[in-house]
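Notes follow once the structure below has been shown.
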Amino acid sequence: IGVAQVPIGLVGPLHIRGEHARGEVYVPLATTEGALVASFNRGMRLLGLAGGVKTTLVEEAMQRSPVFIFDDAVAAKQFGAWIEDNFPGIAAAAERTTHSGKLVHIQQFAVGPLRYLRFNYTTADAAGQNMTSKATQAACDFIRHSYPQPLQFMLSGNMETDKKHSHINMLSTRGKRVIAEAVLPASLLREQLGVDAREVFAMRQVTNAGAFLSGAANNGLHFANGLTALFIATGQDVADIAESHAGVVYTQLLPDGSYYWSVTLTSLIVATYGGGTGLPTQRECLELLGCYGAGQVDRFAEICAAVVLAGEISLAGAVMHGDWVSAHEHYGRNRP
């Protein structure tokens, strides 16, 4: 019935020295916040002056988690052993439904007479939720017809935690686990942000404690800001921000006074093919990043992590330097 228009700002260049993303890229951010665009641009400028941001993708998995229901725990345990013994056949049944998905392993969790199976797949350039649903349905049909006893199951026992944050995803990975890191000289922090490296490290201890007290999904400042703007611009499933914004900030004050800063995204769910990525504007934004189509999702994941790091650095500087509120007042041009 219409189109919801969101302004797109272009930030960068973002200088990346990654395993899959290398060189300078300009990043489209779809957001109504002008201050957000300016802030990420500042963080990227500092990273460039520091020699760029290193990125690496360390793990990937997409899950569907059926649950099988038995009369008692013994029967459920015996079923679990059968699953381990028959993994090759289960994997073959699942993989017949997809050209690119691969069933890597099945985690098992016992609760009374229930056996939760967490199927873990690689999904190539797709985010993979629909792919894994179809594949797991086929696998469960194979299990039901092959197991010597009648079986009752539900395709989802809610342990994949689709579209919501969970600690199991932070530990086991959902989507991509990707890391961005940089070493920032103390002189650059003073010149670009007006802050001292020791003060930034002291602030990190305070914000770590605050995140712990609140039970937050990460100990950073605003992972979701950059990721959401990038997701909207590039046609990602924006509801996946519920999982994708989880992560860990780790920092060190180095002996020479410089500052090591890293972000780890534990559950980044992105795609460069299928779904909203093929819409005209969204495809153009992916092409701008050099990330549209097959074989580009790992590059895109590393860019996402680098963008988050740029945002963390800039906002930390704004909070410490005292221009957090004034920057919003100055760049928040959406008021009449």
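Lettering and numbering for the structure tokens are positional, with chains as A, B, ... in the shown order, residues counted from 1 in each chain, and ligands counted from 1 in the shown order.
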Which residues of segment 4-74 of chain A come within 12 Å of segment 191-213 of chain A, and what is each one's closest atom pair and distance in Å (one decimal), counting only C-alpha atoms, sorted by chain and residue number, as a Markdown table?
| residue | atom | partner | partner_atom | distance |
| --- | --- | --- | --- | --- |
| A:Ser39 | CA | A:Leu193 | CA | 10.8 |
| A:Asn41 | CA | A:Gln192 | CA | 11.8 |
| A:Arg42 | CA | A:Gln192 | CA | 8.1 |
| A:Gly43 | CA | A:Gln192 | CA | 9.0 |
| A:Met44 | CA | A:Gln192 | CA | 11.0 |
| A:Arg45 | CA | A:Gln192 | CA | 8.7 |
| A:Leu46 | CA | A:Gln192 | CA | 6.6 |
| A:Leu47 | CA | A:Gln192 | CA | 10.3 |
| A:Gly48 | CA | A:Gln192 | CA | 11.6 |
| A:Leu49 | CA | A:Gln192 | CA | 9.6 |
| A:Ala50 | CA | A:Gln192 | CA | 10.9 |
Please write the residues from the selection above to a file, keeping C-alpha atoms, as an mmCIF file, in the first residue's frame.
data_model
loop_
_atom_site.group_PDB
_atom_site.id
_atom_site.type_symbol
_atom_site.label_atom_id
_atom_site.label_comp_id
_atom_site.auth_asym_id
_atom_site.auth_seq_id
_atom_site.Cartn_x
_atom_site.Cartn_y
_atom_site.Cartn_z
ATOM 1 C CA SER A 39 29.337 9.978 14.774
ATOM 2 C CA ASN A 41 31.922 9.022 10.198
ATOM 3 C CA ARG A 42 34.153 10.337 12.998
ATOM 4 C CA GLY A 43 34.883 6.830 14.278
ATOM 5 C CA MET A 44 35.833 5.684 10.789
ATOM 6 C CA ARG A 45 38.151 8.649 10.329
ATOM 7 C CA LEU A 46 39.985 7.797 13.545
ATOM 8 C CA LEU A 47 40.296 4.138 12.532
ATOM 9 C CA GLY A 48 41.720 5.155 9.181
ATOM 10 C CA LEU A 49 44.320 7.392 10.802
ATOM 11 C CA ALA A 50 45.246 4.492 13.095
#
Residues of segment 176-257 of chain A that have any atom at most 12 Å from an atom of segment 306-314 of chain A: could you tabulate them with the shortest-distance atom pair and the distance in Å to one decimal, using only C-alpha atoms, ordered by chain and increasing number, as a tab-separated table?
residue	atom	partner	partner_atom	distance
A:Val178	CA	A:Ala306	CA	9.5
A:Ile179	CA	A:Ala306	CA	8.1
A:Ala180	CA	A:Ala306	CA	5.4
A:Glu181	CA	A:Leu309	CA	7.5
A:Ala182	CA	A:Leu309	CA	8.6
A:Val183	CA	A:Ile313	CA	11.5
A:Leu184	CA	A:Ile313	CA	9.9
A:Leu188	CA	A:Ile313	CA	11.8
A:Leu189	CA	A:Ile313	CA	9.4
A:Gln192	CA	A:Ser314	CA	9.3
A:Leu193	CA	A:Ser314	CA	7.4
A:Gly194	CA	A:Ser314	CA	10.9
A:Val195	CA	A:Ser314	CA	10.9
A:Ala197	CA	A:Ile313	CA	11.5
A:Val200	CA	A:Ile313	CA	9.6
A:Phe201	CA	A:Ile313	CA	11.8
A:Arg204	CA	A:Glu312	CA	11.2
A:Asn219	CA	A:Glu312	CA	10.8
A:Gly220	CA	A:Glu312	CA	7.0
A:Leu221	CA	A:Glu312	CA	6.2
A:His222	CA	A:Glu312	CA	6.7
A:Phe223	CA	A:Val308	CA	5.7
A:Ala224	CA	A:Val308	CA	8.3
A:Asn225	CA	A:Gly311	CA	8.2
A:Gly226	CA	A:Val308	CA	5.9
A:Leu227	CA	A:Val308	CA	7.0
A:Thr228	CA	A:Val308	CA	10.4
A:Ala229	CA	A:Val307	CA	10.5
A:Leu230	CA	A:Val307	CA	8.8
A:Phe231	CA	A:Val307	CA	11.7
A:Ser244	CA	A:Val308	CA	11.2
A:His245	CA	A:Val308	CA	9.4
A:Ala246	CA	A:Val308	CA	11.3
A:Gly247	CA	A:Val308	CA	10.3
A:Val248	CA	A:Leu309	CA	11.0
A:Val249	CA	A:Leu309	CA	9.0
A:Tyr250	CA	A:Leu309	CA	11.0
A:Thr251	CA	A:Ile313	CA	11.3
Go ahead and save the residues from that selection, with N, CA and C atoms, as an mmCIF file, in the first residue's frame.
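Result went into out_16.cif, see below:
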data_model
loop_
_atom_site.group_PDB
_atom_site.id
_atom_site.type_symbol
_atom_site.label_atom_id
_atom_site.label_comp_id
_atom_site.auth_asym_id
_atom_site.auth_seq_id
_atom_site.Cartn_x
_atom_site.Cartn_y
_atom_site.Cartn_z
ATOM 1 N N VAL A 178 31.984 -12.766 14.345
ATOM 2 C CA VAL A 178 32.973 -11.967 13.634
ATOM 3 C C VAL A 178 33.557 -10.921 14.579
ATOM 4 N N ILE A 179 34.846 -10.647 14.419
ATOM 5 C CA ILE A 179 35.586 -9.770 15.335
ATOM 6 C C ILE A 179 36.213 -8.628 14.537
ATOM 7 N N ALA A 180 36.122 -7.426 15.098
ATOM 8 C CA ALA A 180 36.827 -6.264 14.560
ATOM 9 C C ALA A 180 37.704 -5.702 15.666
ATOM 10 N N GLU A 181 38.947 -5.323 15.323
ATOM 11 C CA GLU A 181 39.878 -4.846 16.347
ATOM 12 C C GLU A 181 40.817 -3.800 15.753
ATOM 13 N N ALA A 182 41.296 -2.931 16.635
ATOM 14 C CA ALA A 182 42.228 -1.883 16.205
ATOM 15 C C ALA A 182 43.060 -1.449 17.403
ATOM 16 N N VAL A 183 44.256 -0.931 17.118
ATOM 17 C CA VAL A 183 45.111 -0.314 18.128
ATOM 18 C C VAL A 183 45.127 1.187 17.853
ATOM 19 N N LEU A 184 44.706 1.968 18.838
ATOM 20 C CA LEU A 184 44.567 3.416 18.682
ATOM 21 C C LEU A 184 45.660 4.121 19.480
ATOM 22 N N LEU A 188 46.250 10.006 18.896
ATOM 23 C CA LEU A 188 45.074 10.115 18.041
ATOM 24 C C LEU A 188 43.797 10.274 18.865
ATOM 25 N N LEU A 189 43.718 9.562 19.978
ATOM 26 C CA LEU A 189 42.548 9.705 20.845
ATOM 27 C C LEU A 189 42.424 11.136 21.352
ATOM 28 N N GLN A 192 41.639 13.451 17.989
ATOM 29 C CA GLN A 192 40.367 13.266 17.307
ATOM 30 C C GLN A 192 39.155 13.277 18.239
ATOM 31 N N LEU A 193 39.324 12.791 19.456
ATOM 32 C CA LEU A 193 38.189 12.689 20.379
ATOM 33 C C LEU A 193 38.320 13.588 21.601
ATOM 34 N N GLY A 194 39.523 14.114 21.823
ATOM 35 C CA GLY A 194 39.727 14.962 22.993
ATOM 36 C C GLY A 194 39.712 14.214 24.302
ATOM 37 N N VAL A 195 40.134 12.929 24.269
ATOM 38 C CA VAL A 195 40.113 12.107 25.480
ATOM 39 C C VAL A 195 41.473 11.441 25.655
ATOM 40 N N ALA A 197 43.726 8.072 26.758
ATOM 41 C CA ALA A 197 43.570 6.625 26.691
ATOM 42 C C ALA A 197 43.311 6.018 28.069
ATOM 43 N N VAL A 200 39.754 6.585 28.977
ATOM 44 C CA VAL A 200 38.868 5.691 28.237
ATOM 45 C C VAL A 200 38.861 4.307 28.867
ATOM 46 N N PHE A 201 40.034 3.830 29.279
ATOM 47 C CA PHE A 201 40.109 2.512 29.906
ATOM 48 C C PHE A 201 39.376 2.502 31.251
ATOM 49 N N ARG A 204 35.775 2.203 30.632
ATOM 50 C CA ARG A 204 35.416 0.841 30.271
ATOM 51 C C ARG A 204 35.099 0.005 31.499
ATOM 52 N N ASN A 219 28.244 -5.694 26.517
ATOM 53 C CA ASN A 219 28.860 -4.716 27.420
ATOM 54 C C ASN A 219 29.353 -3.490 26.666
ATOM 55 N N GLY A 220 28.874 -3.306 25.428
ATOM 56 C CA GLY A 220 29.222 -2.126 24.659
ATOM 57 C C GLY A 220 28.214 -1.013 24.876
ATOM 58 N N LEU A 221 28.279 -0.019 23.993
ATOM 59 C CA LEU A 221 27.437 1.159 24.145
ATOM 60 C C LEU A 221 26.209 1.142 23.240
ATOM 61 N N HIS A 222 26.389 0.812 21.966
ATOM 62 C CA HIS A 222 25.217 0.887 21.074
ATOM 63 C C HIS A 222 25.424 0.081 19.793
ATOM 64 N N PHE A 223 25.696 -1.203 19.934
ATOM 65 C CA PHE A 223 25.868 -2.063 18.760
ATOM 66 C C PHE A 223 24.674 -1.934 17.799
ATOM 67 N N ALA A 224 23.463 -1.867 18.355
ATOM 68 C CA ALA A 224 22.258 -1.913 17.523
ATOM 69 C C ALA A 224 22.109 -0.698 16.625
ATOM 70 N N ASN A 225 22.670 0.429 16.997
ATOM 71 C CA ASN A 225 22.500 1.640 16.191
ATOM 72 C C ASN A 225 23.057 1.472 14.786
ATOM 73 N N GLY A 226 24.324 1.158 14.680
ATOM 74 C CA GLY A 226 24.940 1.005 13.367
ATOM 75 C C GLY A 226 24.399 -0.185 12.610
ATOM 76 N N LEU A 227 24.199 -1.310 13.306
ATOM 77 C CA LEU A 227 23.713 -2.507 12.632
ATOM 78 C C LEU A 227 22.314 -2.300 12.056
ATOM 79 N N THR A 228 21.431 -1.659 12.819
ATOM 80 C CA THR A 228 20.068 -1.441 12.324
ATOM 81 C C THR A 228 20.069 -0.557 11.088
ATOM 82 N N ALA A 229 20.838 0.535 11.127
ATOM 83 C CA ALA A 229 20.908 1.438 9.977
ATOM 84 C C ALA A 229 21.482 0.730 8.755
ATOM 85 N N LEU A 230 22.465 -0.117 8.971
ATOM 86 C CA LEU A 230 23.068 -0.875 7.872
ATOM 87 C C LEU A 230 22.113 -1.959 7.368
ATOM 88 N N PHE A 231 21.379 -2.590 8.283
ATOM 89 C CA PHE A 231 20.413 -3.620 7.899
ATOM 90 C C PHE A 231 19.303 -3.033 7.018
ATOM 91 N N SER A 244 21.373 -10.100 16.526
ATOM 92 C CA SER A 244 22.640 -9.631 15.961
ATOM 93 C C SER A 244 23.341 -8.585 16.813
ATOM 94 N N HIS A 245 22.596 -7.851 17.652
ATOM 95 C CA HIS A 245 23.245 -6.779 18.415
ATOM 96 C C HIS A 245 23.997 -7.294 19.638
ATOM 97 N N ALA A 246 23.871 -8.578 19.941
ATOM 98 C CA ALA A 246 24.590 -9.139 21.083
ATOM 99 C C ALA A 246 26.084 -9.179 20.793
ATOM 100 N N GLY A 247 26.896 -9.005 21.817
ATOM 101 C CA GLY A 247 28.331 -9.075 21.585
ATOM 102 C C GLY A 247 29.144 -8.685 22.801
ATOM 103 N N VAL A 248 30.455 -8.645 22.600
ATOM 104 C CA VAL A 248 31.396 -8.401 23.693
ATOM 105 C C VAL A 248 32.432 -7.381 23.245
ATOM 106 N N VAL A 249 32.631 -6.370 24.084
ATOM 107 C CA VAL A 249 33.742 -5.437 23.899
ATOM 108 C C VAL A 249 34.890 -5.878 24.798
ATOM 109 N N TYR A 250 36.090 -5.950 24.236
ATOM 110 C CA TYR A 250 37.284 -6.261 25.022
ATOM 111 C C TYR A 250 38.351 -5.228 24.680
ATOM 112 N N THR A 251 38.949 -4.653 25.709
ATOM 113 C CA THR A 251 39.958 -3.606 25.500
ATOM 114 C C THR A 251 41.179 -3.855 26.384
#
Point to revise | Distance query Pro255 of chain A at most 12 Å, only C-alpha atoms, self and fewer than 3 positions along chain excluded, as a PyMOL selection string | key: chain A and resi 185-186+197-198+252+258-260
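Interatomic distance, atom CA of Leu114 of chain A to atom CA of Ile69 of chain A: 4.9 Å.
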Exercise for review: Tell me, as a ChimeraX atom specification, which residues lie within 12 Å of segment 70-75 of chain A, counting only C-alpha atoms; anything in the same chain fewer than 4 positions away does not count.
Suggested key: /A:79-82,109-116,148-153
Exercise for review: Determine which residues of segment 82-165 of chain A receive a DSSP assignment of strand (DSSP E or B), computed from the backbone, and state them as number ranges by chain.
Suggested key: A: 102-111, 114-122, 152-154
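The space separating atom CA of Met131 of chain A from atom CA of Lys176 of chain A comes to 15.9 Å.
Atom CA of Glu160 of chain A sits 24.9 Å away from atom CA of Arg299 of chain A.
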Practice item. Mind listing the alpha helix (DSSP H) residues of segment 122-303 of chain A, per DSSP on the backbone, as a ChimeraX atom specification? Key: /A:129-146,167-172,186-188,197-214,223-234,241-244,280-288,297-303
